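Chemist: Mind looking over this structure? Questions follow.
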Amino acid sequence: MADLEHSAADAQATFAAHVFAGLRSGGVTDVVLSPGSRSTPFVLEALRLQGQGALALHTVLDERTAGFFALGLAREGRLPVCVCTSGTAAAHYLPAVVEAGASGMPLVVLSADRPPELRDTGANQTIDQTHLFGWHVEAFVDLGAPGAAPRMLRAAERRALRAAVIARRTASPVHLNAPARKPLEGTAASHPGAAAAVFDPVPTADPEGIEHLAELLGSAARPLIVAGPGPARQGRALEDVRRLVECSGALLLADATSQFAALGDPVELALRTPAGRGLVDADFVLQLGESPIGKGWSQYASGRRRWILCERGWPDPTGDADGLVFGPIAASVRVLADALERSTKPKPQHPRRERLKRVSSEAVASLPWGETRALEHIARAVDASGARLVIGNSSCVRLIDLAAAPRATVHSQRGASGIDGLIAGTCGVATASRMPTVLVLGDVSFLHDVGALQELAKLDTPTVVVVLDDGGGRIFEQLPVVDALPTAAFEAHFALAHRWALEELGTGFGIRASSIANPTELDQALSMSLEHPGASVLRVVLPTHSVRDDLAALDAFVEDALARDLPGADT
């Protein structure tokens, strides 16, 4: 019996080796492992491959953190596989899987499972893992119980290869489910060579669609180009976007998360006010990729003559775009800029572009110390250091568009726009890029991902988590609910004001941490943290209502300053 069990364990190890051969041939670069028993055959094979330098291996205690860590790797161009045990373990990947699907990030989940004979029997740690992630994955593959027959091994290898290729080609998550039987600790009888080579199709610009966009943009008198959140690779189109703006004479509204912010005009700030909307007065809008997230744009977009150049999905939240052209953003923008250069003379820049920039700068400078000014200082420090910037959700990602135009590579979590996993994702970015990395997020987002501090503590790359602490979720003060509830109820159920000294949580994990009270301290702490290896947590203590007060002050300043530029007004 012992010999039979040993033989079965070795066959299972051989099966795992073929699964990993398929994953590697499909482009998988990293294994993000969360410890467990049922996944042992796959862990042993991953350790063997790590020892050969064939794969990078990262062990992360809990699956929720592991999933977002893997997303951080993916944002830097890696293709990770998350490996976990059976039962509820894989269910903890769901938030990261949802975000991967919504934001267009490749991710493979390999969940170990109990064998078929244990399902529906009440066996311990056994649940139905079939289609666990529903429609949030591009593909689900159950590898079936392991076997040593050559046809079974070849099938496992090819199915794993196909799963990795689907994840890579569609920039989406996929789920592999792999039952395993005890004993789990075997030795592979043989190791496969390279699986089939797969070359992806090369996406190209749509010539007919681009020609039509060139005609529309070239004939517009007051064009506006807008760009919402986009992956880091979108930054390859930066110079072509510059050419597009110059040829068309367009204003450019570029989210900080679009990778084009360095070229942008302060249009979002202007569009928040009646005078600003009157000044922009676009007669044609070209949207590159996702829709911008700012309130100004959302107030302006509906009913506007607008075409969308997009790579994936259907990014038309208002449902009234005149048309969509699908194709890779970088290649399409390049071809569009070429077409405009051939067919039209360069147009003069918008007559009020410099006025918009000056008013924006003066408006931010007029603010007291608060979240907007803090974001301005953070963006300046990131650009000076050449670091990566990761922007959290809620207020941070909106206010930074009003405060600064970062030149850095910017990562964000705008697919499903959740506040979960931001620290874990930043750890993945820093690990993959080996570049200094700064995450800026709110205090509630920080508390939501405290478990990831154990991964932050492992880093040797300079990685700074800046927590803008204004005492809870102050973005809700921008919503009607703030007036619908008594103050105490609002604070208890929406703002969730806390009394934690957040820097002490960092210290508890052995991370350098400090509390910041003013701009000078913030500048000094950022400079020091970005020059030293390892992680830092900087808690920036801000006035409780600074977001609400900043936005009101900015809108009033801009409206007053720009109203004088409206046609017919005194200038």
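Within each chain, counting starts at residue 1; across the structure tokens, chains are named A, B, ... in the order shown, with ligands numbered 1 upward in that order.
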Please build the interface table for segment 203-265 of chain A against segment 74-82 of chain A with a cut-off of 9 Å, listing for each qualifying residue the nearest atom pair and the distance in Å to one decimal; count only C-alpha atoms, order rows by chain and increasing number, and write it as CSV.

Modeler:
residue,atom,partner,partner_atom,distance
A:Pro231,CA,A:Arg75,CA,7.0
A:Ala232,CA,A:Arg75,CA,7.0
A:Arg233,CA,A:Gly77,CA,8.3

Chemist: Those same residues, written as a short mmCIF file (atom, residue, chain, number, x, y, z; two decimals), in the first residue's frame with N, CA, C and O atoms?

Modeler:
data_model
loop_
_atom_site.label_atom_id
_atom_site.label_comp_id
_atom_site.auth_asym_id
_atom_site.auth_seq_id
_atom_site.Cartn_x
_atom_site.Cartn_y
_atom_site.Cartn_z
N PRO A 231 -3.70 52.23 -17.95
CA PRO A 231 -2.57 51.47 -17.41
C PRO A 231 -1.25 52.15 -17.74
O PRO A 231 -1.17 53.03 -18.61
N ALA A 232 -0.20 51.70 -17.07
CA ALA A 232 1.12 52.31 -17.27
C ALA A 232 1.56 52.27 -18.72
O ALA A 232 2.20 53.20 -19.22
N ARG A 233 1.21 51.19 -19.43
CA ARG A 233 1.65 51.06 -20.82
C ARG A 233 1.09 52.17 -21.71
O ARG A 233 1.62 52.44 -22.77
#

Chemist: Find the spatial neighbours of Ala91 of chain A, counting only C-alpha atoms, within a cut-off of 10 Å - ignore same-chain residues fewer than 3 positions away - and output them as a PDB file with all heavy atoms, in the first residue's frame.

Modeler:
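Result file follows (out_35.pdb):
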ATOM      1  N   GLU A  63      -4.828  35.313   1.396  1.00  0.00           N
ATOM      2  CA  GLU A  63      -5.128  35.348  -0.037  1.00  0.00           C
ATOM      3  C   GLU A  63      -5.640  36.712  -0.491  1.00  0.00           C
ATOM      4  O   GLU A  63      -5.408  37.111  -1.628  1.00  0.00           O
ATOM      5  CB  GLU A  63      -6.164  34.259  -0.375  1.00  0.00           C
ATOM      6  CG  GLU A  63      -5.616  32.845  -0.313  1.00  0.00           C
ATOM      7  CD  GLU A  63      -5.514  32.299   1.096  1.00  0.00           C
ATOM      8  OE1 GLU A  63      -6.078  32.940   2.034  1.00  0.00           O
ATOM      9  OE2 GLU A  63      -4.869  31.246   1.291  1.00  0.00           O
ATOM     10  N   ARG A  64      -6.350  37.427   0.355  1.00  0.00           N
ATOM     11  CA  ARG A  64      -6.828  38.748  -0.047  1.00  0.00           C
ATOM     12  C   ARG A  64      -5.654  39.671  -0.354  1.00  0.00           C
ATOM     13  O   ARG A  64      -5.617  40.333  -1.390  1.00  0.00           O
ATOM     14  CB  ARG A  64      -7.702  39.352   1.061  1.00  0.00           C
ATOM     15  CG  ARG A  64      -8.222  40.750   0.738  1.00  0.00           C
ATOM     16  CD  ARG A  64      -9.092  41.249   1.903  1.00  0.00           C
ATOM     17  NE  ARG A  64      -9.495  42.628   1.718  1.00  0.00           N
ATOM     18  CZ  ARG A  64      -8.735  43.677   2.035  1.00  0.00           C
ATOM     19  NH1 ARG A  64      -7.522  43.488   2.532  1.00  0.00           N
ATOM     20  NH2 ARG A  64      -9.165  44.906   1.851  1.00  0.00           N
ATOM     21  N   SER A  86      -7.427  24.618  -0.738  1.00  0.00           N
ATOM     22  CA  SER A  86      -8.860  24.452  -1.023  1.00  0.00           C
ATOM     23  C   SER A  86      -9.715  25.132   0.032  1.00  0.00           C
ATOM     24  O   SER A  86      -9.226  25.647   1.036  1.00  0.00           O
ATOM     25  CB  SER A  86      -9.197  22.965  -1.078  1.00  0.00           C
ATOM     26  OG  SER A  86      -8.965  22.369   0.198  1.00  0.00           O
ATOM     27  N   GLY A  87     -11.038  25.097  -0.183  1.00  0.00           N
ATOM     28  CA  GLY A  87     -11.975  25.684   0.766  1.00  0.00           C
ATOM     29  C   GLY A  87     -12.178  27.158   0.500  1.00  0.00           C
ATOM     30  O   GLY A  87     -12.217  27.602  -0.645  1.00  0.00           O
ATOM     31  N   THR A  88     -12.294  27.944   1.572  1.00  0.00           N
ATOM     32  CA  THR A  88     -12.579  29.370   1.413  1.00  0.00           C
ATOM     33  C   THR A  88     -11.365  30.172   0.961  1.00  0.00           C
ATOM     34  O   THR A  88     -11.494  31.364   0.665  1.00  0.00           O
ATOM     35  CB  THR A  88     -13.085  29.972   2.738  1.00  0.00           C
ATOM     36  OG1 THR A  88     -12.074  29.791   3.744  1.00  0.00           O
ATOM     37  CG2 THR A  88     -14.382  29.328   3.168  1.00  0.00           C
ATOM     38  N   LEU A  94     -11.462  37.097  -4.465  1.00  0.00           N
ATOM     39  CA  LEU A  94     -12.527  37.693  -5.275  1.00  0.00           C
ATOM     40  C   LEU A  94     -12.363  39.200  -5.492  1.00  0.00           C
ATOM     41  O   LEU A  94     -12.493  39.666  -6.633  1.00  0.00           O
ATOM     42  CB  LEU A  94     -13.900  37.386  -4.668  1.00  0.00           C
ATOM     43  CG  LEU A  94     -15.101  37.994  -5.426  1.00  0.00           C
ATOM     44  CD1 LEU A  94     -15.150  37.490  -6.863  1.00  0.00           C
ATOM     45  CD2 LEU A  94     -16.409  37.701  -4.712  1.00  0.00           C
ATOM     46  N   PRO A  95     -12.103  40.026  -4.457  1.00  0.00           N
ATOM     47  CA  PRO A  95     -11.967  41.462  -4.737  1.00  0.00           C
ATOM     48  C   PRO A  95     -10.877  41.775  -5.764  1.00  0.00           C
ATOM     49  O   PRO A  95     -11.063  42.630  -6.638  1.00  0.00           O
ATOM     50  CB  PRO A  95     -11.627  42.053  -3.363  1.00  0.00           C
ATOM     51  CG  PRO A  95     -12.168  41.076  -2.384  1.00  0.00           C
ATOM     52  CD  PRO A  95     -11.984  39.727  -3.021  1.00  0.00           C
ATOM     53  N   VAL A  97      -9.749  39.688  -8.090  1.00  0.00           N
ATOM     54  CA  VAL A  97     -10.205  39.175  -9.386  1.00  0.00           C
ATOM     55  C   VAL A  97     -11.172  40.157 -10.034  1.00  0.00           C
ATOM     56  O   VAL A  97     -11.093  40.435 -11.239  1.00  0.00           O
ATOM     57  CB  VAL A  97     -10.865  37.787  -9.205  1.00  0.00           C
ATOM     58  CG1 VAL A  97     -11.606  37.370 -10.466  1.00  0.00           C
ATOM     59  CG2 VAL A  97      -9.803  36.740  -8.849  1.00  0.00           C
ATOM     60  N   SER A 111      -6.265  27.364  -7.895  1.00  0.00           N
ATOM     61  CA  SER A 111      -6.775  26.922  -6.601  1.00  0.00           C
ATOM     62  C   SER A 111      -6.703  25.406  -6.512  1.00  0.00           C
ATOM     63  O   SER A 111      -7.226  24.696  -7.369  1.00  0.00           O
ATOM     64  CB  SER A 111      -8.230  27.392  -6.409  1.00  0.00           C
ATOM     65  OG  SER A 111      -9.061  26.913  -7.450  1.00  0.00           O
ATOM     66  N   GLN A 129     -15.900  24.605  -5.721  1.00  0.00           N
ATOM     67  CA  GLN A 129     -15.044  25.650  -6.274  1.00  0.00           C
ATOM     68  C   GLN A 129     -15.262  25.852  -7.778  1.00  0.00           C
ATOM     69  O   GLN A 129     -14.567  26.647  -8.402  1.00  0.00           O
ATOM     70  CB  GLN A 129     -13.577  25.320  -5.990  1.00  0.00           C
ATOM     71  CG  GLN A 129     -13.260  25.295  -4.512  1.00  0.00           C
ATOM     72  CD  GLN A 129     -11.822  24.942  -4.173  1.00  0.00           C
ATOM     73  OE1 GLN A 129     -11.519  24.602  -3.042  1.00  0.00           O
ATOM     74  NE2 GLN A 129     -10.922  25.002  -5.134  1.00  0.00           N
ATOM     75  N   LEU A 132     -16.153  29.522  -9.257  1.00  0.00           N
ATOM     76  CA  LEU A 132     -16.192  30.270  -7.995  1.00  0.00           C
ATOM     77  C   LEU A 132     -16.284  31.775  -8.221  1.00  0.00           C
ATOM     78  O   LEU A 132     -16.922  32.497  -7.450  1.00  0.00           O
ATOM     79  CB  LEU A 132     -14.932  29.942  -7.177  1.00  0.00           C
ATOM     80  CG  LEU A 132     -14.814  30.547  -5.783  1.00  0.00           C
ATOM     81  CD1 LEU A 132     -15.930  30.036  -4.879  1.00  0.00           C
ATOM     82  CD2 LEU A 132     -13.451  30.219  -5.176  1.00  0.00           C
ATOM     83  N   PHE A 133     -15.656  32.275  -9.295  1.00  0.00           N
ATOM     84  CA  PHE A 133     -15.611  33.718  -9.555  1.00  0.00           C
ATOM     85  C   PHE A 133     -16.640  34.161 -10.592  1.00  0.00           C
ATOM     86  O   PHE A 133     -16.636  35.329 -11.003  1.00  0.00           O
ATOM     87  CB  PHE A 133     -14.204  34.122 -10.001  1.00  0.00           C
ATOM     88  CG  PHE A 133     -13.137  33.757  -9.009  1.00  0.00           C
ATOM     89  CD1 PHE A 133     -12.179  32.799  -9.311  1.00  0.00           C
ATOM     90  CD2 PHE A 133     -13.110  34.347  -7.758  1.00  0.00           C
ATOM     91  CE1 PHE A 133     -11.198  32.449  -8.397  1.00  0.00           C
ATOM     92  CE2 PHE A 133     -12.131  34.007  -6.831  1.00  0.00           C
ATOM     93  CZ  PHE A 133     -11.183  33.053  -7.144  1.00  0.00           C
TER      94      PHE A 133
END

Chemist: Residues near Ser190 of chain A, anyone? I mean within 8 Å using only C-alpha atoms, not counting same-chain ones fewer than 2 positions away, as JSON, numbers by chain.

Modeler: {"A": [14, 188, 192]}

Chemist: Which is closer to Tyr93 of chain A than all the others in A:Arg154, A:Arg222, A:Arg119, A:His175, using only C-alpha atoms?

Modeler: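 Closest residue, counting only C-alpha atoms: A:His175.
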
Chemist: Please provide the set of residues having any atom within 10 Å of Ala408 of chain A, restricted to only C-alpha atoms, with same-chain residues fewer than 4 positions apart removed, written as a list in words.

Modeler: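 Result of the neighbour search: Ala232, Gly235, Ala256, Thr257, Gln259, Phe260, Ala261, Ala262, Ala379, Arg380, Val382, Asp383, Ala384, Ser385, Gly386, Ala387, Arg388, Leu389 and Val390 of chain A.
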
Chemist: DSSP on the backbone, strand (DSSP E) only: what residues of segment 121-172 of chain A does that give? Format it as a PDB file with all heavy atoms, in the first residue's frame.

Modeler:
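Result file is result03.pdb:
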ATOM      1  N   ALA A 139     -12.061  33.016 -18.163  1.00  0.00           N
ATOM      2  CA  ALA A 139     -12.182  31.579 -18.408  1.00  0.00           C
ATOM      3  C   ALA A 139     -12.035  30.838 -17.084  1.00  0.00           C
ATOM      4  O   ALA A 139     -11.325  31.281 -16.172  1.00  0.00           O
ATOM      5  CB  ALA A 139     -11.108  31.108 -19.389  1.00  0.00           C
ATOM      6  N   PHE A 140     -12.745  29.710 -17.000  1.00  0.00           N
ATOM      7  CA  PHE A 140     -12.595  28.787 -15.876  1.00  0.00           C
ATOM      8  C   PHE A 140     -12.216  27.422 -16.439  1.00  0.00           C
ATOM      9  O   PHE A 140     -12.849  26.934 -17.392  1.00  0.00           O
ATOM     10  CB  PHE A 140     -13.886  28.662 -15.066  1.00  0.00           C
ATOM     11  CG  PHE A 140     -13.867  27.519 -14.089  1.00  0.00           C
ATOM     12  CD1 PHE A 140     -13.131  27.612 -12.918  1.00  0.00           C
ATOM     13  CD2 PHE A 140     -14.561  26.343 -14.357  1.00  0.00           C
ATOM     14  CE1 PHE A 140     -13.093  26.545 -12.021  1.00  0.00           C
ATOM     15  CE2 PHE A 140     -14.532  25.284 -13.465  1.00  0.00           C
ATOM     16  CZ  PHE A 140     -13.794  25.383 -12.290  1.00  0.00           C
ATOM     17  N   VAL A 141     -11.185  26.808 -15.858  1.00  0.00           N
ATOM     18  CA  VAL A 141     -10.731  25.493 -16.304  1.00  0.00           C
ATOM     19  C   VAL A 141     -10.564  24.599 -15.083  1.00  0.00           C
ATOM     20  O   VAL A 141      -9.799  24.931 -14.173  1.00  0.00           O
ATOM     21  CB  VAL A 141      -9.394  25.582 -17.063  1.00  0.00           C
ATOM     22  CG1 VAL A 141      -8.930  24.184 -17.478  1.00  0.00           C
ATOM     23  CG2 VAL A 141      -9.504  26.491 -18.276  1.00  0.00           C
ATOM     24  N   ASP A 142     -11.282  23.482 -15.044  1.00  0.00           N
ATOM     25  CA  ASP A 142     -11.062  22.482 -14.012  1.00  0.00           C
ATOM     26  C   ASP A 142     -10.137  21.418 -14.598  1.00  0.00           C
ATOM     27  O   ASP A 142     -10.483  20.756 -15.586  1.00  0.00           O
ATOM     28  CB  ASP A 142     -12.388  21.860 -13.578  1.00  0.00           C
ATOM     29  CG  ASP A 142     -12.251  21.091 -12.264  1.00  0.00           C
ATOM     30  OD1 ASP A 142     -11.257  20.347 -12.126  1.00  0.00           O
ATOM     31  OD2 ASP A 142     -13.116  21.246 -11.394  1.00  0.00           O
TER      32      ASP A 142
END

Chemist: Would you pick out the contacts of Val450 of chain A at 10 Å or less, using only C-alpha atoms, so that residues sharing its chain but fewer than 6 positions from it are not included, and give the list as a PyMOL selection string?

Modeler: chain A and resi 65+421-424+456+502+505-506+509

Chemist: Just give me the gap between atom CA of His92 of chain A and atom CA of Leu33 of chain A in Å, one decimal is fine.

Modeler: 13.1 Å

Chemist: Please indicate the distance in Å from atom CA of His377 of chain A to atom CA of Gly425 of chain A, rounded to one decimal place.

Modeler: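 It comes out at 22.7 Å.
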
Chemist: Excluding segment 558-560 of chain A and its own-chain neighbours fewer than 3 positions away, which residues fall within 9 Å of it when counting only C-alpha atoms? Please give them as an mmCIF file with C-alpha atoms, in the first residue's frame.

Modeler:
data_model
loop_
_atom_site.group_PDB
_atom_site.id
_atom_site.type_symbol
_atom_site.label_atom_id
_atom_site.label_comp_id
_atom_site.auth_asym_id
_atom_site.auth_seq_id
_atom_site.Cartn_x
_atom_site.Cartn_y
_atom_site.Cartn_z
ATOM 1 C CA LEU A 269 -10.905 72.562 -12.318
ATOM 2 C CA ALA A 270 -12.422 74.959 -14.859
ATOM 3 C CA ARG A 272 -16.488 72.671 -12.073
ATOM 4 C CA THR A 273 -17.702 76.268 -12.525
ATOM 5 C CA PRO A 274 -20.161 77.976 -14.909
ATOM 6 C CA ALA A 275 -17.510 80.464 -16.033
ATOM 7 C CA GLY A 276 -15.026 77.693 -16.713
ATOM 8 C CA LEU A 356 -6.408 78.658 -17.243
ATOM 9 C CA VAL A 359 -5.677 80.797 -12.461
ATOM 10 C CA SER A 360 -5.314 77.135 -11.462
ATOM 11 C CA ALA A 363 -6.217 78.988 -6.820
ATOM 12 C CA ALA A 553 -12.680 77.696 -1.990
ATOM 13 C CA LEU A 554 -11.284 76.455 -5.332
ATOM 14 C CA ASP A 555 -14.646 76.733 -7.063
ATOM 15 C CA ALA A 563 -15.803 85.021 -15.236
ATOM 16 C CA ARG A 564 -13.825 88.070 -16.278
#
